[in-house]
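Quick look at final.pdb (PDB, C-alpha atoms):
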```pdb
ATOM      1  CA  MET A  19      -8.290 166.710  89.177
ATOM      2  CA  SER A  20      -5.961 164.236  90.892
ATOM      3  CA  SER A  21      -3.362 165.310  93.400
ATOM      4  CA  GLN A  22      -0.744 163.691  91.205
ATOM      5  CA  SER A  23      -1.562 166.014  88.299
ATOM      6  CA  LEU A  24      -0.994 169.042  90.551
ATOM      7  CA  LEU A  25       2.671 168.078  90.838
ATOM      8  CA  LYS A  26       3.189 168.621  87.104
ATOM      9  CA  ARG A  27       2.779 172.296  86.373
ATOM     10  CA  PRO A  28       5.437 173.573  83.937
ATOM     11  CA  ARG A  29       3.709 176.957  84.034
ATOM     12  CA  ARG A  30       5.235 177.594  87.456
ATOM     13  CA  LEU A  31       8.499 178.451  85.675
ATOM     14  CA  ARG A  32       6.759 180.854  83.288
ATOM     15  CA  ARG A  33       5.017 182.875  85.965
ATOM     16  CA  THR A  34       7.179 186.042  85.849
ATOM     17  CA  GLU A  35       9.687 187.613  83.486
ATOM     18  CA  THR A  36      12.426 187.098  86.056
ATOM     19  CA  LEU A  37      11.712 183.360  86.257
ATOM     20  CA  ARG A  38      11.551 183.062  82.479
ATOM     21  CA  ARG A  39      14.965 184.695  82.168
ATOM     22  CA  MET A  40      16.440 182.454  84.856
ATOM     23  CA  VAL A  41      15.446 179.206  83.133
ATOM     24  CA  ARG A  42      15.877 180.357  79.540
ATOM     25  CA  GLU A  43      17.640 177.660  77.527
ATOM     26  CA  THR A  44      18.846 179.740  74.585
ATOM     27  CA  ILE A  45      20.300 183.218  74.939
ATOM     28  CA  LEU A  46      21.123 185.371  71.924
ATOM     29  CA  THR A  47      24.076 187.724  72.471
ATOM     30  CA  VAL A  48      25.931 190.275  70.397
ATOM     31  CA  ASP A  49      28.905 187.883  70.363
ATOM     32  CA  ASP A  50      26.864 185.569  68.118
ATOM     33  CA  LEU A  51      26.584 188.139  65.320
ATOM     34  CA  ILE A  52      28.521 188.681  62.107
ATOM     35  CA  TYR A  53      27.565 191.765  60.084
ATOM     36  CA  PRO A  54      27.635 191.469  56.267
ATOM     37  CA  VAL A  55      28.523 194.736  54.509
ATOM     38  CA  PHE A  56      28.552 195.877  50.876
ATOM     39  CA  VAL A  57      31.416 198.000  49.586
ATOM     40  CA  MET A  58      31.612 199.843  46.265
ATOM     41  CA  GLU A  59      33.981 202.175  44.454
ATOM     42  CA  GLY A  60      33.750 205.934  44.856
ATOM     43  CA  GLU A  61      33.803 208.440  47.692
ATOM     44  CA  GLY A  62      31.075 209.807  49.900
ATOM     45  CA  GLU A  63      28.582 207.252  48.556
ATOM     46  CA  LYS A  64      25.888 205.507  50.580
ATOM     47  CA  VAL A  65      23.176 203.933  48.440
ATOM     48  CA  GLU A  66      20.226 202.104  49.949
ATOM     49  CA  ILE A  67      19.439 198.703  48.437
ATOM     50  CA  SER A  68      15.828 198.891  47.289
ATOM     51  CA  SER A  69      15.018 195.264  48.096
ATOM     52  CA  MET A  70      16.806 195.419  51.475
ATOM     53  CA  PRO A  71      15.489 198.495  53.335
ATOM     54  CA  GLY A  72      18.026 199.736  55.858
ATOM     55  CA  CYS A  73      20.971 198.082  54.062
ATOM     56  CA  TYR A  74      23.388 200.108  51.978
ATOM     57  CA  ARG A  75      26.218 199.935  49.505
ATOM     58  CA  PHE A  76      29.034 202.028  50.977
ATOM     59  CA  SER A  77      32.062 203.593  49.369
ATOM     60  CA  LEU A  78      35.124 202.712  51.420
ATOM     61  CA  ASP A  79      35.360 206.033  53.270
ATOM     62  CA  LEU A  80      31.784 205.737  54.558
ATOM     63  CA  LEU A  81      32.115 202.007  55.152
ATOM     64  CA  LEU A  82      34.931 202.757  57.584
ATOM     65  CA  LYS A  83      32.571 204.986  59.563
ATOM     66  CA  GLU A  84      30.048 202.143  59.574
ATOM     67  CA  ILE A  85      32.709 199.706  60.792
ATOM     68  CA  THR A  86      33.647 202.062  63.627
ATOM     69  CA  GLU A  87      29.993 202.231  64.705
ATOM     70  CA  VAL A  88      29.613 198.460  64.431
ATOM     71  CA  SER A  89      32.674 197.896  66.601
ATOM     72  CA  GLN A  90      31.390 200.332  69.225
ATOM     73  CA  LEU A  91      28.150 198.321  69.364
ATOM     74  CA  GLY A  92      30.189 195.257  70.340
ATOM     75  CA  ILE A  93      29.861 193.388  67.048
ATOM     76  CA  ASN A  94      33.057 191.392  66.661
ATOM     77  CA  ALA A  95      33.072 190.463  62.975
ATOM     78  CA  VAL A  96      32.145 191.761  59.535
ATOM     79  CA  ALA A  97      31.832 189.921  56.224
ATOM     80  CA  ILE A  98      32.751 191.931  53.131
ATOM     81  CA  PHE A  99      30.900 191.691  49.806
ATOM     82  CA  PRO A 100      32.068 193.854  46.886
ATOM     83  CA  VAL A 101      30.025 195.657  44.242
ATOM     84  CA  ILE A 102      32.282 195.331  41.219
ATOM     85  CA  PRO A 103      31.718 197.728  38.271
ATOM     86  CA  GLU A 104      31.108 196.162  34.876
ATOM     87  CA  LYS A 105      34.394 197.539  33.546
ATOM     88  CA  ASP A 106      36.311 195.322  35.967
ATOM     89  CA  LYS A 107      34.421 192.103  35.229
ATOM     90  CA  ASP A 108      35.549 189.465  32.761
ATOM     91  CA  GLU A 109      34.877 185.828  31.935
ATOM     92  CA  THR A 110      37.536 184.575  34.342
ATOM     93  CA  GLY A 111      37.000 186.874  37.342
ATOM     94  CA  SER A 112      40.612 188.053  37.246
ATOM     95  CA  GLU A 113      39.824 191.164  39.315
ATOM     96  CA  SER A 114      39.117 188.860  42.256
ATOM     97  CA  TYR A 115      42.838 188.425  42.961
ATOM     98  CA  ASN A 116      43.997 191.969  42.131
ATOM     99  CA  GLN A 117      46.114 192.936  45.135
ATOM    100  CA  GLN A 118      44.937 196.539  44.687
ATOM    101  CA  GLY A 119      41.347 195.459  44.150
ATOM    102  CA  LEU A 120      38.309 196.705  46.029
ATOM    103  CA  VAL A 121      38.165 193.814  48.495
ATOM    104  CA  GLN A 122      41.866 193.841  49.210
ATOM    105  CA  GLU A 123      41.992 197.614  49.790
ATOM    106  CA  THR A 124      38.911 197.377  52.009
ATOM    107  CA  VAL A 125      40.506 194.698  54.167
ATOM    108  CA  LYS A 126      43.674 196.746  54.595
ATOM    109  CA  ALA A 127      41.728 199.853  55.553
ATOM    110  CA  ILE A 128      39.499 198.081  58.063
ATOM    111  CA  LYS A 129      42.357 196.282  59.780
ATOM    112  CA  LYS A 130      44.292 199.544  60.018
ATOM    113  CA  LEU A 131      41.305 201.383  61.528
ATOM    114  CA  VAL A 132      39.913 198.656  63.831
ATOM    115  CA  PRO A 133      42.603 195.957  64.133
ATOM    116  CA  GLU A 134      40.629 193.912  66.656
ATOM    117  CA  ILE A 135      37.551 193.368  64.470
ATOM    118  CA  ILE A 136      37.420 190.042  62.651
ATOM    119  CA  VAL A 137      37.294 190.475  58.876
ATOM    120  CA  ILE A 138      35.780 187.708  56.740
ATOM    121  CA  THR A 139      36.140 187.801  52.970
ATOM    122  CA  ASP A 140      34.010 185.958  50.452
ATOM    123  CA  VAL A 141      35.746 183.571  48.043
ATOM    124  CA  ALA A 142      33.606 183.086  44.929
ATOM    125  CA  LEU A 143      33.694 184.516  41.437
ATOM    126  CA  ASP A 144      30.093 185.660  40.907
ATOM    127  CA  PRO A 145      30.707 189.361  41.708
ATOM    128  CA  PHE A 146      33.696 189.389  39.357
ATOM    129  CA  THR A 147      32.471 187.501  36.290
ATOM    130  CA  THR A 148      30.470 188.897  33.399
ATOM    131  CA  HIS A 149      28.211 185.831  33.535
ATOM    132  CA  GLY A 150      27.496 186.005  37.289
ATOM    133  CA  HIS A 151      28.375 182.425  38.159
ATOM    134  CA  ASP A 152      30.545 181.372  41.082
ATOM    135  CA  GLY A 153      32.989 179.578  38.822
ATOM    136  CA  LEU A 154      34.466 179.561  35.351
ATOM    137  CA  ALA A 155      32.154 178.509  32.535
ATOM    138  CA  ASP A 156      32.934 176.761  29.250
ATOM    139  CA  GLU A 157      31.373 177.561  25.873
ATOM    140  CA  ASN A 158      28.391 175.362  26.718
ATOM    141  CA  GLY A 159      27.693 177.110  30.020
ATOM    142  CA  ILE A 160      29.015 174.255  32.150
ATOM    143  CA  ILE A 161      30.674 175.452  35.365
ATOM    144  CA  LEU A 162      34.189 174.044  35.527
ATOM    145  CA  ASN A 163      35.253 172.738  38.917
ATOM    146  CA  ASP A 164      39.038 172.321  38.903
ATOM    147  CA  PRO A 165      39.936 175.378  36.781
ATOM    148  CA  THR A 166      37.734 177.438  39.097
ATOM    149  CA  ILE A 167      39.645 176.216  42.147
ATOM    150  CA  GLU A 168      42.876 177.556  40.659
ATOM    151  CA  VAL A 169      41.363 181.047  40.562
ATOM    152  CA  LEU A 170      39.816 180.700  44.021
ATOM    153  CA  VAL A 171      43.232 179.854  45.457
ATOM    154  CA  LYS A 172      44.688 183.042  43.952
ATOM    155  CA  MET A 173      41.762 184.991  45.347
ATOM    156  CA  ALA A 174      42.162 183.559  48.851
ATOM    157  CA  LEU A 175      45.911 184.214  48.850
ATOM    158  CA  SER A 176      45.405 187.826  47.812
ATOM    159  CA  GLN A 177      42.905 188.310  50.627
ATOM    160  CA  ALA A 178      45.273 186.703  53.118
ATOM    161  CA  GLU A 179      48.053 189.017  51.997
ATOM    162  CA  ALA A 180      45.718 191.981  52.511
ATOM    163  CA  GLY A 181      45.169 190.904  56.113
ATOM    164  CA  THR A 182      41.842 189.087  56.240
ATOM    165  CA  ASP A 183      41.197 186.899  59.270
ATOM    166  CA  PHE A 184      38.979 184.346  57.523
ATOM    167  CA  VAL A 185      38.475 183.465  53.902
ATOM    168  CA  ALA A 186      34.963 182.196  53.265
ATOM    169  CA  PRO A 187      34.624 180.013  50.161
ATOM    170  CA  SER A 188      30.962 180.259  49.098
ATOM    171  CA  ASP A 189      31.349 178.792  45.611
ATOM    172  CA  MET A 190      30.522 175.131  46.361
ATOM    173  CA  MET A 191      33.206 173.706  44.087
ATOM    174  CA  ASP A 192      34.368 170.224  45.101
ATOM    175  CA  GLY A 193      37.756 170.173  46.844
ATOM    176  CA  ARG A 194      38.251 173.909  47.159
ATOM    177  CA  ILE A 195      38.676 173.899  50.955
ATOM    178  CA  GLY A 196      41.634 171.536  50.799
ATOM    179  CA  ALA A 197      43.270 173.426  47.931
ATOM    180  CA  ILE A 198      42.897 176.772  49.699
ATOM    181  CA  ARG A 199      44.149 175.410  53.028
ATOM    182  CA  GLN A 200      47.186 173.875  51.380
ATOM    183  CA  ALA A 201      47.999 177.100  49.527
ATOM    184  CA  LEU A 202      47.547 179.299  52.591
ATOM    185  CA  ASP A 203      49.844 177.093  54.648
ATOM    186  CA  ALA A 204      52.453 176.894  51.889
ATOM    187  CA  GLU A 205      52.606 180.700  51.734
ATOM    188  CA  GLY A 206      52.882 181.090  55.499
ATOM    189  CA  TYR A 207      49.286 182.134  56.215
ATOM    190  CA  ILE A 208      48.763 179.400  58.762
ATOM    191  CA  ASN A 209      46.672 181.648  61.021
ATOM    192  CA  VAL A 210      44.173 182.660  58.341
ATOM    193  CA  GLY A 211      41.054 180.636  58.995
ATOM    194  CA  ILE A 212      38.526 179.130  56.613
ATOM    195  CA  LEU A 213      34.826 179.697  57.177
ATOM    196  CA  ALA A 214      33.389 177.191  54.719
ATOM    197  CA  TYR A 215      29.984 177.591  53.128
ATOM    198  CA  SER A 216      29.668 173.841  53.471
ATOM    199  CA  ALA A 217      25.915 173.382  53.008
ATOM    200  CA  LYS A 218      24.896 176.150  50.638
ATOM    201  CA  TYR A 219      21.573 175.484  48.989
ATOM    202  CA  ALA A 220      20.328 176.622  45.570
ATOM    203  CA  SER A 221      17.781 178.888  47.192
ATOM    204  CA  ALA A 222      15.191 181.410  46.061
ATOM    205  CA  TYR A 223      15.998 183.429  49.200
ATOM    206  CA  TYR A 224      19.086 185.028  47.610
ATOM    207  CA  GLY A 225      17.310 187.457  45.291
ATOM    208  CA  PRO A 226      17.868 190.744  47.175
ATOM    209  CA  PHE A 227      21.566 189.920  47.697
ATOM    210  CA  ARG A 228      22.024 189.494  43.969
ATOM    211  CA  ASP A 229      20.326 192.853  43.469
ATOM    212  CA  ALA A 230      22.787 194.385  45.926
ATOM    213  CA  LEU A 231      25.823 193.087  44.042
ATOM    214  CA  ASP A 232      24.286 193.016  40.550
ATOM    215  CA  SER A 233      25.553 189.433  40.398
ATOM    216  CA  ALA A 234      22.580 187.389  39.226
ATOM    217  CA  PRO A 235      23.628 184.682  36.737
ATOM    218  CA  LYS A 236      23.249 185.751  33.129
ATOM    219  CA  PHE A 237      22.384 182.236  32.011
ATOM    220  CA  GLY A 238      21.000 179.114  33.646
ATOM    221  CA  ASP A 239      21.021 178.732  37.414
ATOM    222  CA  LYS A 240      23.353 177.485  40.143
ATOM    223  CA  LYS A 241      21.796 174.086  40.728
ATOM    224  CA  THR A 242      24.743 172.125  39.343
ATOM    225  CA  TYR A 243      26.946 173.300  42.198
ATOM    226  CA  GLN A 244      24.687 174.578  44.991
ATOM    227  CA  MET A 245      22.665 171.972  46.873
ATOM    228  CA  ASP A 246      19.144 170.735  46.249
ATOM    229  CA  ALA A 247      16.741 172.084  48.876
ATOM    230  CA  ALA A 248      15.280 168.598  49.367
ATOM    231  CA  ASN A 249      18.538 167.052  50.624
ATOM    232  CA  ALA A 250      19.717 166.693  54.203
ATOM    233  CA  LYS A 251      22.115 163.734  54.155
ATOM    234  CA  GLU A 252      24.050 165.418  51.382
ATOM    235  CA  ALA A 253      24.652 168.383  53.694
ATOM    236  CA  LEU A 254      26.310 166.102  56.212
ATOM    237  CA  LYS A 255      28.488 164.641  53.462
ATOM    238  CA  GLU A 256      29.576 168.100  52.308
ATOM    239  CA  ILE A 257      30.371 169.130  55.857
ATOM    240  CA  GLU A 258      32.364 165.959  56.528
ATOM    241  CA  LEU A 259      34.458 166.634  53.429
ATOM    242  CA  ASP A 260      35.090 170.280  54.321
ATOM    243  CA  ILE A 261      36.156 169.374  57.838
ATOM    244  CA  ALA A 262      38.542 166.746  56.498
ATOM    245  CA  GLU A 263      39.996 169.314  54.104
ATOM    246  CA  GLY A 264      40.721 171.853  56.854
ATOM    247  CA  ALA A 265      37.688 174.062  57.486
ATOM    248  CA  ASP A 266      37.726 175.905  60.819
ATOM    249  CA  ILE A 267      34.068 176.956  60.849
ATOM    250  CA  ILE A 268      31.269 175.460  58.775
ATOM    251  CA  MET A 269      28.133 177.198  57.613
ATOM    252  CA  VAL A 270      24.589 176.438  56.542
ATOM    253  CA  LYS A 271      22.983 178.853  54.082
ATOM    254  CA  PRO A 272      20.150 179.905  54.128
ATOM    255  CA  ALA A 273      19.158 179.594  57.774
ATOM    256  CA  LEU A 274      15.440 179.991  58.366
ATOM    257  CA  ALA A 275      14.142 177.299  55.991
ATOM    258  CA  TYR A 276      17.041 175.019  56.978
ATOM    259  CA  LEU A 277      16.857 174.942  60.770
ATOM    260  CA  ASP A 278      16.674 171.153  60.612
ATOM    261  CA  ILE A 279      19.964 171.101  58.703
ATOM    262  CA  ILE A 280      21.618 173.379  61.262
ATOM    263  CA  CYS A 281      20.446 171.024  64.010
ATOM    264  CA  GLN A 282      21.778 167.931  62.256
ATOM    265  CA  VAL A 283      25.073 169.624  61.437
ATOM    266  CA  LYS A 284      25.553 170.752  65.028
ATOM    267  CA  ALA A 285      25.015 167.183  66.226
ATOM    268  CA  ALA A 286      27.529 165.856  63.710
ATOM    269  CA  THR A 287      30.527 168.075  64.475
ATOM    270  CA  ASN A 288      32.448 169.785  67.253
ATOM    271  CA  LEU A 289      33.408 172.698  65.014
ATOM    272  CA  PRO A 290      31.628 176.040  65.358
ATOM    273  CA  VAL A 291      28.551 176.188  63.148
ATOM    274  CA  ALA A 292      27.515 179.406  61.409
ATOM    275  CA  ALA A 293      24.150 180.150  59.846
ATOM    276  CA  TYR A 294      23.465 182.820  57.230
ATOM    277  CA  ASN A 295      20.248 184.769  57.831
ATOM    278  CA  VAL A 296      20.080 185.668  54.151
ATOM    279  CA  SER A 297      18.753 188.652  52.244
ATOM    280  CA  GLY A 298      15.368 187.145  51.389
ATOM    281  CA  GLU A 299      14.723 186.343  55.037
ATOM    282  CA  TYR A 300      15.682 189.902  55.944
ATOM    283  CA  ALA A 301      13.540 191.442  53.208
ATOM    284  CA  MET A 302      10.425 189.463  54.172
ATOM    285  CA  ILE A 303      10.549 190.675  57.758
ATOM    286  CA  LYS A 304      11.195 194.254  56.664
ATOM    287  CA  ALA A 305       8.318 194.175  54.168
ATOM    288  CA  ALA A 306       5.865 192.683  56.662
ATOM    289  CA  ALA A 307       6.919 195.211  59.304
ATOM    290  CA  GLN A 308       6.439 198.118  56.897
ATOM    291  CA  LYS A 309       2.907 196.863  56.265
ATOM    292  CA  GLY A 310       2.289 196.741  60.007
ATOM    293  CA  TRP A 311       1.631 193.009  59.870
ATOM    294  CA  VAL A 312       4.283 191.994  62.418
ATOM    295  CA  ASP A 313       6.140 193.531  65.346
ATOM    296  CA  GLU A 314       9.538 193.939  63.691
ATOM    297  CA  LYS A 315      11.762 193.851  66.763
ATOM    298  CA  LYS A 316      10.024 190.850  68.288
ATOM    299  CA  VAL A 317      10.096 188.899  65.014
ATOM    300  CA  ILE A 318      13.787 189.664  64.479
ATOM    301  CA  LEU A 319      14.727 188.413  67.929
ATOM    302  CA  GLU A 320      12.503 185.341  67.643
ATOM    303  CA  THR A 321      13.929 184.490  64.233
ATOM    304  CA  LEU A 322      17.577 184.784  65.260
ATOM    305  CA  THR A 323      16.934 182.956  68.519
ATOM    306  CA  SER A 324      15.445 180.081  66.538
ATOM    307  CA  MET A 325      18.691 179.824  64.578
ATOM    308  CA  LYS A 326      20.762 179.712  67.728
ATOM    309  CA  ARG A 327      18.350 177.238  69.318
ATOM    310  CA  ALA A 328      18.773 174.995  66.267
ATOM    311  CA  GLY A 329      22.524 174.922  66.887
ATOM    312  CA  ALA A 330      24.115 177.957  65.243
ATOM    313  CA  ASP A 331      27.086 179.327  67.170
ATOM    314  CA  LEU A 332      27.413 182.297  64.814
ATOM    315  CA  ILE A 333      24.807 184.104  62.734
ATOM    316  CA  LEU A 334      25.550 186.259  59.701
ATOM    317  CA  THR A 335      22.701 188.729  59.660
ATOM    318  CA  TYR A 336      21.854 192.107  58.176
ATOM    319  CA  PHE A 337      19.963 192.719  61.420
ATOM    320  CA  ALA A 338      23.216 192.715  63.413
ATOM    321  CA  LYS A 339      23.252 196.435  64.229
ATOM    322  CA  GLU A 340      19.578 196.483  65.171
ATOM    323  CA  VAL A 341      19.958 193.404  67.346
ATOM    324  CA  ALA A 342      23.050 194.803  69.066
ATOM    325  CA  LEU A 343      21.049 197.892  69.996
ATOM    326  CA  MET A 344      18.120 195.770  71.239
ATOM    327  CA  LEU A 345      20.408 193.659  73.411
ATOM    328  CA  SER A 346      22.374 196.558  74.857
TER     329      SER A 346
END
```

Show this structure as structure tokens.
Amino acid sequence: MSSQSLLKRPRRLRRTETLRRMVRETILTVDDLIYPVFVMEGEGEKVEISSMPGCYRFSLDLLLKEITEVSQLGINAVAIFPVIPEKDKDETGSESYNQQGLVQETVKAIKKLVPEIIVITDVALDPFTTHGHDGLADENGIILNDPTIEVLVKMALSQAEAGTDFVAPSDMMDGRIGAIRQALDAEGYINVGILAYSAKYASAYYGPFRDALDSAPKFGDKKTYQMDAANAKEALKEIELDIAEGADIIMVKPALAYLDIICQVKAATNLPVAAYNVSGEYAMIKAAAQKGWVDEKKVILETLTSMKRAGADLILTYFAKEVALMLS
């Protein structure tokens, strides 16, 4: 072995845990986490989601207890997803902008209880429509872009009035960010931010989430508005458009199979980049851990660290509470 080769020993910096911590390039913190929660009607209800072990649908009274615990763990933000009963669904998703609706009342209650926590509300019609699509559909099952935007604007305004901090359009209609931004500003909600689901792919990883909300599409699929998994340049185009239209934070969804997209997006913008560690990713880790095939805690931390290493500034994850406890 030459003397020159002895000068090049990267292992010197891996020798002890202390050294590894000192030179660590990517550090996951509780400040990176956004906790998605499911709220339903009723009182005293906490129902585990069968395909998402450890995740629950909460009635509002019990959700508020969960929010208090989350805040005490240092988690700064929650994203609300409603379980809408069939009686309140229709073809046009009109319940989505009911000022006394489930989402709106949940926002008011959370902001009254824990004013400092950031509340993010989903803007899409799939939980509210009888057909389960993110937009309005015509008689041929075609999802209508511009008529959908009109409803999304009403939805976003109702959430802003309720006190949300960020509206999060996840529908993937063309032009909806600009329309929502313009409407929010016109009504005086200039401080309500937009977290845009800018690169949302038509993914098979969403199955457990749709079980949680009972929002699977009743016909067809979502490939005419969500992105093709094979495309990367298109993601950059979508993100460029959303930024131009007024997005404050942009998001890639899902995260784990799209780390390359997160990396490219981070390189292309100075805005904060969020990644959604989606339900299928969560369920796979939980299932493997229950079988004893993986070390759950280590895999969770490695998975979320990979998302941050790829460029995510924020991570929506159902693991948020568990990770907060691990990092404490």

- Query: Taking the file as shown, what set of residues would the PyMOL selection byres ((chain A and resi 243) around 9) give back, as JSON, numbers by chain?
  - Reply: {"A": [152, 161, 163, 189, 190, 191, 192, 219, 220, 240, 241, 242, 244, 245]}

- Evaluate the PyMOL selection byres ((chain A and resi 328) around 9) and record the selected residues as a list in words, following the chain and residue labels used in the document.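 Residues picked by the PyMOL selection byres ((chain A and resi 328) around 9): Leu277, Asp278, Ile279, Ile280, Cys281, Gln282, Lys284, Thr323, Ser324, Met325, Lys326, Arg327, Gly329 and Ala330 of chain A.
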
- Task: Name every residue that the PyMOL selection byres ((chain A and resi 106) around 12) selects in this structure, writing the answer as a ChimeraX atom specification with chains first and numbers rising.
- Result: /A:59,100-105,107-116,119-120,145-148

- What lies within 8 Å of range 293-300 of chain A using all atoms listed in the file, ignoring chain neighbours under 6 positions off, as a PyMOL selection string? chain A and resi 70+222-227+269-274+280+322+325+330-337

- Pick the closest to Leu345 in chain A from A:Gly181, A:Lys130, A:Leu170, A:Ile318: which is it, counting all atoms listed in the file?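 Residue with the minimum atom-to-atom distance to Leu345 in chain A: A:Ile318.
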
- Query: Which of these, A:Ser69, A:Thr34, A:Thr139, A:Thr166, has the shortest distance to Ala178 in chain A once you count all atoms listed in the file?
  - Reply: A:Thr139

- Query: Quick one, how far is CA of Ile198 in chain A from CA of Asp144 in chain A?
  - Reply: 17.9 Å

- Item | Interatomic distance, CA of Ile136 in chain A to CA of Met302 in chain A (Å, one decimal) |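 Interatomic distance, CA of Ile136 in chain A to CA of Met302 in chain A: 28.3 Å.
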
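If you measure from each of A:Gly72, A:Gly196, A:Gly211, A:Pro235 to Gly159 in chain A using all atoms listed in the file, the closest one turns out to be A:Pro235.
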
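With only the atoms specified (only C-alpha atoms) counting, those residues at most 8 Å away from (33.1, 187.2, 51.3) are A:Ala97, A:Ile98, A:Phe99, A:Ile138, A:Thr139, A:Asp140, A:Val141, A:Ala142, A:Val185, A:Ala186, A:Pro187, A:Ser188.
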
- Message: Restricting the calculation to all atoms listed in the file: of A:Glu258, A:Glu179, A:Glu61, A:Asp49, which residue gets closest to Ser346 in chain A?
- Response: A:Asp49

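Nearest residue to Glu84 in chain A, choosing from A:Ala201, A:Ala248, A:Val132, A:Leu51 and counting all atoms listed in the file: A:Val132.
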
- Measuring atom to atom with all atoms listed in the file, identify which of A:Gly92, A:Gln117, A:Val41, A:Gly193 is nearest to Ala338 in chain A.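 Once distances to Ala338 in chain A are computed over all atoms listed in the file, the minimum belongs to A:Gly92.
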
- Expressed in Å to a single decimal, how great is the separation between CA of Val88 in chain A and CA of Thr321 in chain A? 21.0 Å

Starting from the sparse input, extend range 209-214 of chain A to all heavy atoms and give the output as a short mmCIF file (atom, residue, chain, number, x, y, z; two decimals), in the coordinates of the input.
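Just written: part-v2.cif:
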```
data_model
loop_
_atom_site.label_atom_id
_atom_site.label_comp_id
_atom_site.auth_asym_id
_atom_site.auth_seq_id
_atom_site.Cartn_x
_atom_site.Cartn_y
_atom_site.Cartn_z
N ASN A 209 47.66 181.14 60.07
CA ASN A 209 46.67 181.65 61.02
C ASN A 209 45.42 182.22 60.36
O ASN A 209 44.50 182.66 61.06
CB ASN A 209 47.30 182.71 61.92
CG ASN A 209 48.33 182.12 62.87
OD1 ASN A 209 48.14 181.03 63.40
ND2 ASN A 209 49.43 182.83 63.08
N VAL A 210 45.39 182.24 59.04
CA VAL A 210 44.17 182.66 58.34
C VAL A 210 43.21 181.49 58.34
O VAL A 210 43.54 180.39 57.88
CB VAL A 210 44.48 183.10 56.90
CG1 VAL A 210 43.20 183.38 56.13
CG2 VAL A 210 45.37 184.35 56.91
N GLY A 211 42.03 181.71 58.89
CA GLY A 211 41.05 180.64 59.00
C GLY A 211 40.19 180.49 57.76
O GLY A 211 40.17 181.37 56.89
N ILE A 212 39.47 179.38 57.70
CA ILE A 212 38.53 179.13 56.61
C ILE A 212 37.14 178.94 57.21
O ILE A 212 36.90 178.01 57.99
CB ILE A 212 38.91 177.89 55.79
CG1 ILE A 212 40.27 178.09 55.11
CG2 ILE A 212 37.83 177.60 54.74
CD1 ILE A 212 40.74 176.89 54.31
N LEU A 213 36.24 179.84 56.86
CA LEU A 213 34.83 179.70 57.18
C LEU A 213 34.18 179.14 55.91
O LEU A 213 34.01 179.87 54.93
CB LEU A 213 34.21 181.04 57.58
CG LEU A 213 32.80 181.01 58.19
CD1 LEU A 213 32.49 182.36 58.85
CD2 LEU A 213 31.71 180.71 57.17
N ALA A 214 33.85 177.88 55.93
CA ALA A 214 33.39 177.19 54.72
C ALA A 214 31.87 177.24 54.60
O ALA A 214 31.16 176.85 55.53
CB ALA A 214 33.85 175.74 54.73
#
```
